[in-house]
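Here is start27.cif, consisting of mmCIF, C-alpha atoms:
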data_work
#
loop_
_atom_site.label_atom_id
_atom_site.label_comp_id
_atom_site.auth_asym_id
_atom_site.auth_seq_id
_atom_site.Cartn_x
_atom_site.Cartn_y
_atom_site.Cartn_z
CA MET B 1 -93.78 24.59 -42.31
CA LYS B 2 -97.07 25.07 -40.51
CA SER B 3 -97.07 25.46 -36.73
CA SER B 4 -99.51 22.56 -36.38
CA GLU B 5 -97.12 20.23 -38.22
CA LEU B 6 -94.12 21.37 -36.17
CA VAL B 7 -95.88 20.94 -32.83
CA GLN B 8 -96.94 17.41 -33.84
CA ARG B 9 -93.41 16.54 -34.90
CA ILE B 10 -92.04 17.88 -31.62
CA LYS B 11 -94.49 15.62 -29.76
CA LEU B 12 -93.40 12.64 -31.89
CA ASN B 13 -89.72 13.47 -31.44
CA THR B 14 -89.29 13.80 -35.22
CA ALA B 15 -88.93 17.58 -35.38
CA PRO B 16 -86.41 19.18 -37.72
CA LEU B 17 -83.66 21.31 -36.24
CA ILE B 18 -85.43 24.52 -35.15
CA VAL B 19 -83.37 27.64 -35.83
CA ASP B 20 -84.47 30.81 -34.01
CA ALA B 21 -83.00 33.93 -35.65
CA ARG B 22 -84.41 36.46 -33.17
CA LYS B 23 -82.46 38.82 -30.94
CA THR B 24 -80.89 37.27 -27.85
CA LYS B 25 -83.31 39.00 -25.45
CA LEU B 26 -86.36 37.55 -27.20
CA PHE B 27 -84.84 34.08 -27.43
CA LYS B 28 -84.02 34.08 -23.70
CA GLU B 29 -87.56 35.19 -22.83
CA SER B 30 -89.06 32.20 -24.64
CA HIS B 31 -88.56 29.98 -27.66
CA ILE B 32 -89.88 26.81 -29.26
CA PRO B 33 -88.75 23.74 -27.32
CA GLY B 34 -85.45 22.42 -28.66
CA ALA B 35 -84.67 25.50 -30.76
CA ILE B 36 -81.12 26.69 -31.24
CA HIS B 37 -80.33 30.39 -31.21
CA ALA B 38 -78.73 31.62 -34.42
CA LYS B 39 -78.82 35.36 -34.96
CA VAL B 40 -78.27 36.39 -38.56
CA PRO B 41 -74.74 37.78 -38.13
CA TRP B 42 -73.72 34.59 -36.31
CA ILE B 43 -74.82 32.48 -39.28
CA LEU B 44 -72.84 34.66 -41.67
CA PHE B 45 -69.64 34.43 -39.63
CA GLY B 46 -69.95 30.75 -38.74
CA LYS B 47 -70.46 31.36 -35.01
CA VAL B 48 -73.25 28.79 -34.78
CA ARG B 49 -72.48 25.08 -35.02
CA PHE B 50 -74.81 23.55 -37.55
CA PRO B 51 -74.81 19.84 -38.41
CA GLU B 52 -72.08 18.74 -40.78
CA ASP B 53 -74.74 16.90 -42.79
CA ARG B 54 -75.97 19.60 -45.18
CA THR B 55 -79.16 17.60 -45.83
CA THR B 56 -80.36 18.03 -42.22
CA GLU B 57 -83.94 19.25 -42.16
CA MET B 58 -84.34 22.68 -40.54
CA VAL B 59 -87.18 25.06 -39.86
CA ILE B 60 -86.28 28.70 -39.32
CA THR B 61 -88.22 31.26 -37.35
CA CYS B 62 -88.02 34.81 -36.07
CA GLU B 63 -90.60 37.14 -34.56
CA HIS B 64 -92.22 38.51 -37.75
CA GLY B 65 -90.45 37.10 -40.80
CA PRO B 66 -87.57 39.24 -42.12
CA ARG B 67 -84.81 37.71 -39.99
CA SER B 68 -85.96 34.18 -40.78
CA TRP B 69 -85.89 35.00 -44.50
CA LEU B 70 -82.34 36.31 -44.21
CA ALA B 71 -81.25 33.32 -42.09
CA TRP B 72 -82.87 30.99 -44.66
CA LYS B 73 -80.85 32.63 -47.45
CA LEU B 74 -77.59 32.56 -45.47
CA LEU B 75 -78.05 28.88 -44.67
CA ALA B 76 -78.61 28.19 -48.36
CA LEU B 77 -75.33 29.97 -49.13
CA ARG B 78 -73.65 27.63 -46.63
CA GLY B 79 -75.11 24.62 -48.49
CA TYR B 80 -78.20 23.85 -46.39
CA HIS B 81 -81.18 23.41 -48.72
CA ASN B 82 -83.53 21.16 -46.73
CA THR B 83 -84.89 24.21 -44.92
CA SER B 84 -88.23 25.92 -44.52
CA ARG B 85 -89.59 28.91 -42.66
CA LEU B 86 -92.21 28.64 -39.93
CA GLU B 87 -95.54 29.98 -41.19
CA GLY B 88 -96.81 32.72 -38.90
CA HIS B 89 -93.39 32.96 -37.25
CA MET B 90 -93.05 33.26 -33.47
CA LEU B 91 -95.84 35.80 -33.29
CA GLY B 92 -98.28 33.23 -34.65
CA TRP B 93 -96.82 30.45 -32.47
CA LYS B 94 -97.37 32.54 -29.33
CA LYS B 95 -100.86 33.67 -30.34
CA ALA B 96 -101.83 30.03 -30.87
CA GLY B 97 -100.68 29.22 -27.33
CA LEU B 98 -98.21 26.57 -28.53
CA PRO B 99 -95.44 25.26 -26.23
CA LEU B 100 -92.58 27.54 -25.23
CA GLU B 101 -89.53 27.11 -23.07
CA LYS B 102 -87.19 29.57 -21.39
#
Now, as a test, write the supplied structure out as structure tokens.
Amino acid sequence: MKSSELVQRIKLNTAPLIVDARKTKLFKESHIPGAIHAKVPWILFGKVRFPEDRTTEMVITCEHGPRSWLAWKLLALRGYHNTSRLEGHMLGWKKAGLPLEK
């Protein structure tokens, strides 16, 4: 999903579930409004509560890409297939000056 689409959907209150797979320190510093924190090991061991509805739309991000790819794959293994990765990741989101929360 493109950042421009996600920011519009956040404004319209129609955003997918935003899954941030970065390290805790980075997530606490700032994240996309409404994002949930789901580090890769947590996804694997079921330590994050995801919606029971496996068709829930999700967009996954990390700082540069590798963690979001791994999170995307792990979510697919858990039966979530209506998922995408944020183009440009958090690095691109920040560079574009898009909204962040702490």
How many Å lie between CA of Ser68 (chain B) and CA of Phe45 (chain B), rounded to one decimal?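 Value for the CA of Ser68 (chain B)-CA of Phe45 (chain B) distance: 16.4 Å.
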Counting all atoms listed in the file, figure out which residue out of B:Leu6, B:Ala96, B:Leu74, B:Leu12 gets nearest to Gly46 (chain B).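 Under the stated criterion, the closest residue is B:Leu74.
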Which one of B:Glu29, B:Glu63, B:Glu101, B:Asp20 sits closest to Val48 (chain B) if you count all atoms listed in the file? B:Asp20
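Note that the spacing between CA of Lys11 (chain B) and CA of Lys28 (chain B) amounts to 22.1 Å.
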With 12 Å as the threshold, what does the neighbourhood of (-79.6, 31.0, -47.9) contain in terms of residues, counting all atoms listed in the file? Coordinates are those of the file; answer as an mmCIF file with C-alpha atoms, in the coordinates of the input.
data_model
loop_
_atom_site.group_PDB
_atom_site.id
_atom_site.type_symbol
_atom_site.label_atom_id
_atom_site.label_comp_id
_atom_site.auth_asym_id
_atom_site.auth_seq_id
_atom_site.Cartn_x
_atom_site.Cartn_y
_atom_site.Cartn_z
ATOM 1 C CA VAL B 40 -78.270 36.390 -38.560
ATOM 2 C CA ILE B 43 -74.820 32.480 -39.280
ATOM 3 C CA LEU B 44 -72.840 34.660 -41.670
ATOM 4 C CA ILE B 60 -86.280 28.700 -39.320
ATOM 5 C CA ARG B 67 -84.810 37.710 -39.990
ATOM 6 C CA SER B 68 -85.960 34.180 -40.780
ATOM 7 C CA TRP B 69 -85.890 35.000 -44.500
ATOM 8 C CA LEU B 70 -82.340 36.310 -44.210
ATOM 9 C CA ALA B 71 -81.250 33.320 -42.090
ATOM 10 C CA TRP B 72 -82.870 30.990 -44.660
ATOM 11 C CA LYS B 73 -80.850 32.630 -47.450
ATOM 12 C CA LEU B 74 -77.590 32.560 -45.470
ATOM 13 C CA LEU B 75 -78.050 28.880 -44.670
ATOM 14 C CA ALA B 76 -78.610 28.190 -48.360
ATOM 15 C CA LEU B 77 -75.330 29.970 -49.130
ATOM 16 C CA ARG B 78 -73.650 27.630 -46.630
ATOM 17 C CA GLY B 79 -75.110 24.620 -48.490
ATOM 18 C CA TYR B 80 -78.200 23.850 -46.390
ATOM 19 C CA HIS B 81 -81.180 23.410 -48.720
ATOM 20 C CA ASN B 82 -83.530 21.160 -46.730
ATOM 21 C CA THR B 83 -84.890 24.210 -44.920
ATOM 22 C CA SER B 84 -88.230 25.920 -44.520
ATOM 23 C CA ARG B 85 -89.590 28.910 -42.660
#
